[in-house]
file structure36.txt (compact mmCIF, C-alpha atoms)
# COMPACT_ATOMS: atom_id res chain seq x y z
CA MET X 41 -79.70 19.01 112.38
CA ASN X 42 -81.08 19.95 115.82
CA LEU X 43 -83.93 18.29 117.71
CA ASN X 44 -86.05 21.13 119.00
CA GLN X 45 -89.61 19.81 119.14
CA ILE X 46 -91.38 16.72 120.42
CA THR X 47 -95.14 16.07 120.53
CA ILE X 48 -96.81 13.61 122.90
CA PRO X 49 -100.39 12.30 123.06
CA SER X 50 -102.85 13.13 125.84
CA LEU X 51 -106.33 11.97 126.76
CA ASP X 52 -107.07 15.25 128.57
CA ILE X 53 -105.13 18.13 127.11
CA ASN X 54 -106.31 20.67 129.70
CA THR X 55 -105.09 18.51 132.59
CA ALA X 56 -101.80 18.01 130.74
CA ILE X 57 -101.46 21.77 130.18
CA SER X 58 -101.85 22.43 133.91
CA PHE X 59 -99.25 19.77 134.71
CA TYR X 60 -96.62 21.03 132.27
CA LYS X 61 -97.16 24.64 133.35
CA LYS X 62 -96.42 23.47 136.93
CA LEU X 63 -93.18 21.97 135.62
CA GLY X 64 -92.27 25.46 134.39
CA LEU X 65 -92.97 25.27 130.66
CA GLU X 66 -94.51 28.36 129.03
CA LEU X 67 -97.70 27.80 127.03
CA ILE X 68 -97.26 29.55 123.65
CA VAL X 69 -99.92 27.90 121.43
CA TYR X 70 -103.37 26.57 122.32
CA SER X 71 -105.76 25.30 119.64
CA GLN X 72 -109.34 24.57 120.72
CA ASP X 73 -108.74 21.71 123.16
CA HIS X 74 -106.76 19.55 120.72
CA TYR X 75 -103.20 20.96 120.65
CA ALA X 76 -100.87 22.90 122.92
CA ARG X 77 -97.23 23.92 122.49
CA PHE X 78 -94.83 25.05 125.20
CA LEU X 79 -91.49 26.80 125.22
CA CYS X 80 -88.98 25.16 127.53
CA PRO X 81 -87.68 27.48 130.26
CA GLU X 82 -84.07 27.26 129.02
CA GLY X 83 -82.98 27.42 125.39
CA ASP X 84 -85.48 27.57 122.57
CA SER X 85 -86.77 23.98 122.40
CA THR X 86 -90.50 23.46 122.24
CA PHE X 87 -92.70 20.66 123.53
CA SER X 88 -96.27 19.96 122.48
CA ILE X 89 -99.29 17.85 123.33
CA HIS X 90 -102.06 16.68 121.05
CA GLN X 91 -105.43 15.30 122.04
CA VAL X 92 -106.05 11.60 121.30
CA SER X 93 -108.95 9.26 121.98
CA ALA X 94 -106.65 6.45 123.15
CA LEU X 95 -103.05 6.31 124.31
CA PRO X 96 -100.52 4.03 122.58
CA SER X 97 -99.93 0.72 124.34
CA GLY X 98 -96.62 -0.32 125.83
CA ASP X 99 -94.14 1.52 128.01
CA GLY X 100 -95.17 4.95 126.80
CA ILE X 101 -92.94 7.92 126.23
CA TYR X 102 -89.87 8.94 128.23
CA ILE X 103 -89.30 12.69 128.38
CA TYR X 104 -86.04 14.10 129.73
CA PHE X 105 -85.75 17.66 131.02
CA GLU X 106 -82.25 18.70 132.06
CA THR X 107 -81.58 21.31 134.73
CA GLU X 108 -78.42 22.62 136.37
CA ASN X 109 -80.06 22.75 139.84
CA LEU X 110 -81.79 19.39 140.12
CA GLU X 111 -82.40 19.37 143.88
CA GLU X 112 -83.73 22.94 143.82
CA LYS X 113 -86.07 22.16 140.90
CA VAL X 114 -87.37 19.00 142.60
CA LYS X 115 -88.00 20.90 145.86
CA ASP X 116 -89.91 23.58 143.94
CA LEU X 117 -92.06 20.94 142.23
CA LEU X 118 -92.71 19.09 145.50
CA ASP X 119 -93.88 22.41 146.97
CA LYS X 120 -96.33 22.68 144.03
CA GLY X 121 -97.77 19.24 144.82
CA ILE X 122 -95.98 17.24 142.12
CA ILE X 123 -95.53 13.60 143.19
CA PHE X 124 -92.27 11.85 142.29
CA GLU X 125 -91.70 8.12 141.79
CA HIS X 126 -88.18 8.68 143.06
CA LEU X 127 -86.23 11.68 144.21
CA PRO X 128 -82.83 12.60 142.73
CA LYS X 129 -80.35 9.75 142.72
CA GLU X 130 -77.14 8.94 140.91
CA GLN X 131 -77.56 6.43 138.09
CA SER X 132 -74.97 3.96 136.78
CA TRP X 133 -74.90 5.93 133.48
CA LEU X 134 -73.53 8.95 135.44
CA TRP X 135 -76.71 11.05 135.39
CA LYS X 136 -78.52 12.21 138.51
CA GLU X 137 -82.26 11.75 137.96
CA ALA X 138 -85.65 12.25 139.58
CA ARG X 139 -88.64 10.48 138.03
CA LEU X 140 -92.36 11.14 137.90
CA LYS X 141 -95.34 10.50 135.61
CA ASP X 142 -97.46 13.03 133.79
CA PRO X 143 -101.30 12.73 133.84
CA ASP X 144 -101.14 10.35 130.84
CA ALA X 145 -98.55 8.09 132.53
CA ASN X 146 -95.67 9.27 130.35
CA GLN X 147 -92.38 8.96 132.22
CA ILE X 148 -90.80 12.33 133.06
CA ILE X 149 -87.15 12.40 134.03
CA ILE X 150 -85.73 15.61 135.43
CA TYR X 151 -81.99 15.23 135.53
CA ASN X 152 -78.53 16.67 135.48
CA ALA X 153 -75.83 14.95 133.47
CA GLY X 154 -73.29 17.69 132.93
CA GLU X 155 -70.52 16.70 130.56
CA ASN X 156 -71.61 13.03 130.70
CA ARG X 157 -74.75 13.75 128.66
CA ILE X 158 -72.81 13.89 125.40
CA ASN X 159 -69.35 12.79 126.52
CA PRO X 160 -69.70 9.74 128.78
CA PRO X 161 -66.52 7.71 129.37
CA TRP X 162 -67.88 5.02 126.99
CA ARG X 163 -68.64 7.43 124.11
CA LEU X 164 -67.79 5.98 120.70
CA LYS X 165 -64.76 7.51 119.03
CA SER X 166 -65.29 9.30 115.72

call {"tool": "encode", "arguments": {"input": "structure36.txt", "output": "structure tokens"}}
result
Amino acid sequence: MNLNQITIPSLDINTAISFYKKLGLELIVYSQDHYARFLCPEGDSTFSIHQVSALPSGDGIYIYFETENLEEKVKDLLDKGIIFEHLPKEQSWLWKEARLKDPDANQIIIYNAGENRINPPWRLKS
């Protein structure tokens, strides 16, 4: 089994499309202002947005996008006017992360974890 698609809600799909295109995702499907699907710039994972009349309550959704060149990607996004909650920093779980919010207040984490993403020192033994 392979996770290759996630769909998130949006109050304004056109604003969300502009935001995710700025992040570097390629718009591959657009359905009359209610659905959009993107291809991630690396690999073949897809990411989609669907129009809703109200967002779910609570903490919202956390979306992680991994990149080899975190600082370079963050600089590129800053140059495009993207505002970050925090710039890249090392986390106690051994990932380096930058955080921002999308137009619907979903948490976006752009990070680099390297080998620690699937093989942290505390990984359970099979």

call {"tool": "closest_residue", "arguments": {"input": "structure36.txt", "among": "X:Tyr104, X:Trp135, X:Trp162, X:Phe78", "to": "Phe59 (chain X)", "atoms": "all atoms listed in the file"}}
result
X:Phe78

call {"tool": "atom_distance", "arguments": {"input": "structure36.txt", "atom1": "CA of Lys136 (chain X)", "atom2": "CA of Ala153 (chain X)"}}
result
6.3 Å

call {"tool": "closest_residue", "arguments": {"input": "structure36.txt", "among": "X:Ile122, X:Arg163, X:Leu43, X:Asp73", "to": "Asp142 (chain X)", "atoms": "all atoms listed in the file"}}
result
X:Ile122

call {"tool": "residues_around", "arguments": {"input": "structure36.txt", "residues": "Val114 (chain X)", "least_positions_apart": "3", "cutoff": "9 Å", "atoms": "only C-alpha atoms", "output": "PyMOL selection string"}}
result
chain X and resi 109-111+117-119+122+124+127-128+138+150

call {"tool": "atom_distance", "arguments": {"input": "structure36.txt", "atom1": "CA of Gly83 (chain X)", "atom2": "CA of Leu63 (chain X)"}}
result
15.4 Å

call {"tool": "residues_around", "arguments": {"input": "structure36.txt", "residues": "Thr47 (chain X)", "least_positions_apart": "3", "cutoff": "9 Å", "atoms": "all atoms listed in the file", "output": "ChimeraX atom specification"}}
result
/X:77,86-90

call {"tool": "atom_distance", "arguments": {"input": "structure36.txt", "atom1": "CA of Gln91 (chain X)", "atom2": "CA of Asp52 (chain X)"}}
result
6.7 Å

call {"tool": "closest_residue", "arguments": {"input": "structure36.txt", "among": "X:Pro49, X:Asn42, X:Glu155, X:Glu66", "to": "Leu95 (chain X)", "atoms": "only C-alpha atoms"}}
result
X:Pro49

call {"tool": "closest_residue", "arguments": {"input": "structure36.txt", "among": "X:Arg139, X:Ser93, X:Leu67, X:Trp133", "to": "Pro161 (chain X)", "atoms": "only C-alpha atoms"}}
result
X:Trp133

call {"tool": "closest_residue", "arguments": {"input": "structure36.txt", "among": "X:Gly121, X:Gly100, X:Gly64, X:Pro160", "to": "Asn146 (chain X)", "atoms": "only C-alpha atoms"}}
result
X:Gly100

call {"tool": "closest_residue", "arguments": {"input": "structure36.txt", "among": "X:Glu106, X:Glu112, X:Tyr75, X:Gly98", "to": "Ala56 (chain X)", "atoms": "all atoms listed in the file"}}
result
X:Tyr75

call {"tool": "residues_around", "arguments": {"input": "structure36.txt", "residues": "Gln147 (chain X)", "least_positions_apart": "3", "cutoff": "7 Å", "atoms": "only C-alpha atoms", "output": "number ranges by chain"}}
result
X: 101-103, 140-142

call {"tool": "write_last_selection", "arguments": {"input": "structure36.txt", "atoms": "C-alpha atoms", "output": "CSV table (one decimal), in the frame of the given file"}}
result
chain,number,residue,atom,x,y,z
X,101,ILE,CA,-92.9,7.9,126.2
X,102,TYR,CA,-89.9,8.9,128.2
X,103,ILE,CA,-89.3,12.7,128.4
X,140,LEU,CA,-92.4,11.1,137.9
X,141,LYS,CA,-95.3,10.5,135.6
X,142,ASP,CA,-97.5,13.0,133.8

call {"tool": "build_atoms", "arguments": {"input": "structure36.txt", "residues": "region 92-107 of chain X", "atoms": "N, CA, C and O atoms", "output": "short mmCIF file (atom, residue, chain, number, x, y, z; two decimals), in the frame of the given file"}}
result
data_model
loop_
_atom_site.label_atom_id
_atom_site.label_comp_id
_atom_site.auth_asym_id
_atom_site.auth_seq_id
_atom_site.Cartn_x
_atom_site.Cartn_y
_atom_site.Cartn_z
N VAL X 92 -105.78 12.89 121.94
CA VAL X 92 -106.05 11.60 121.30
C VAL X 92 -107.23 10.93 122.01
O VAL X 92 -107.54 11.27 123.15
N SER X 93 -107.85 9.99 121.35
CA SER X 93 -108.95 9.26 121.98
C SER X 93 -108.46 8.04 122.75
O SER X 93 -109.16 7.52 123.62
N ALA X 94 -107.25 7.58 122.44
CA ALA X 94 -106.65 6.45 123.15
C ALA X 94 -105.14 6.61 123.13
O ALA X 94 -104.56 7.06 122.13
N LEU X 95 -104.50 6.24 124.23
CA LEU X 95 -103.05 6.31 124.31
C LEU X 95 -102.43 5.07 123.66
O LEU X 95 -103.03 4.00 123.66
N PRO X 96 -101.21 5.21 123.13
CA PRO X 96 -100.52 4.03 122.58
C PRO X 96 -100.28 3.01 123.69
O PRO X 96 -100.15 3.38 124.86
N SER X 97 -100.20 1.75 123.34
CA SER X 97 -99.93 0.72 124.34
C SER X 97 -98.41 0.58 124.52
O SER X 97 -97.63 1.08 123.72
N GLY X 98 -98.03 -0.09 125.56
CA GLY X 98 -96.62 -0.32 125.83
C GLY X 98 -96.10 0.58 126.93
O GLY X 98 -96.86 1.10 127.74
N ASP X 99 -94.79 0.76 126.94
CA ASP X 99 -94.14 1.52 128.01
C ASP X 99 -94.42 3.01 127.98
O ASP X 99 -94.15 3.71 128.94
N GLY X 100 -94.91 3.52 126.88
CA GLY X 100 -95.17 4.95 126.80
C GLY X 100 -93.93 5.72 126.41
O GLY X 100 -92.95 5.17 125.92
N ILE X 101 -93.99 7.00 126.66
CA ILE X 101 -92.94 7.92 126.23
C ILE X 101 -92.09 8.33 127.42
O ILE X 101 -92.62 8.56 128.51
N TYR X 102 -90.80 8.45 127.22
CA TYR X 102 -89.87 8.94 128.23
C TYR X 102 -89.43 10.33 127.80
O TYR X 102 -88.92 10.51 126.69
N ILE X 103 -89.63 11.30 128.68
CA ILE X 103 -89.30 12.69 128.38
C ILE X 103 -88.26 13.15 129.38
O ILE X 103 -88.48 13.06 130.59
N TYR X 104 -87.14 13.65 128.87
CA TYR X 104 -86.04 14.10 129.73
C TYR X 104 -85.95 15.61 129.69
O TYR X 104 -85.86 16.21 128.61
N PHE X 105 -85.97 16.23 130.88
CA PHE X 105 -85.75 17.66 131.02
C PHE X 105 -84.52 17.84 131.88
O PHE X 105 -84.48 17.39 133.03
N GLU X 106 -83.50 18.50 131.32
CA GLU X 106 -82.25 18.70 132.06
C GLU X 106 -82.27 20.06 132.75
O GLU X 106 -82.76 21.05 132.22
N THR X 107 -81.70 20.08 133.96
CA THR X 107 -81.58 21.31 134.73
C THR X 107 -80.25 21.31 135.48
O THR X 107 -79.76 20.25 135.88
#
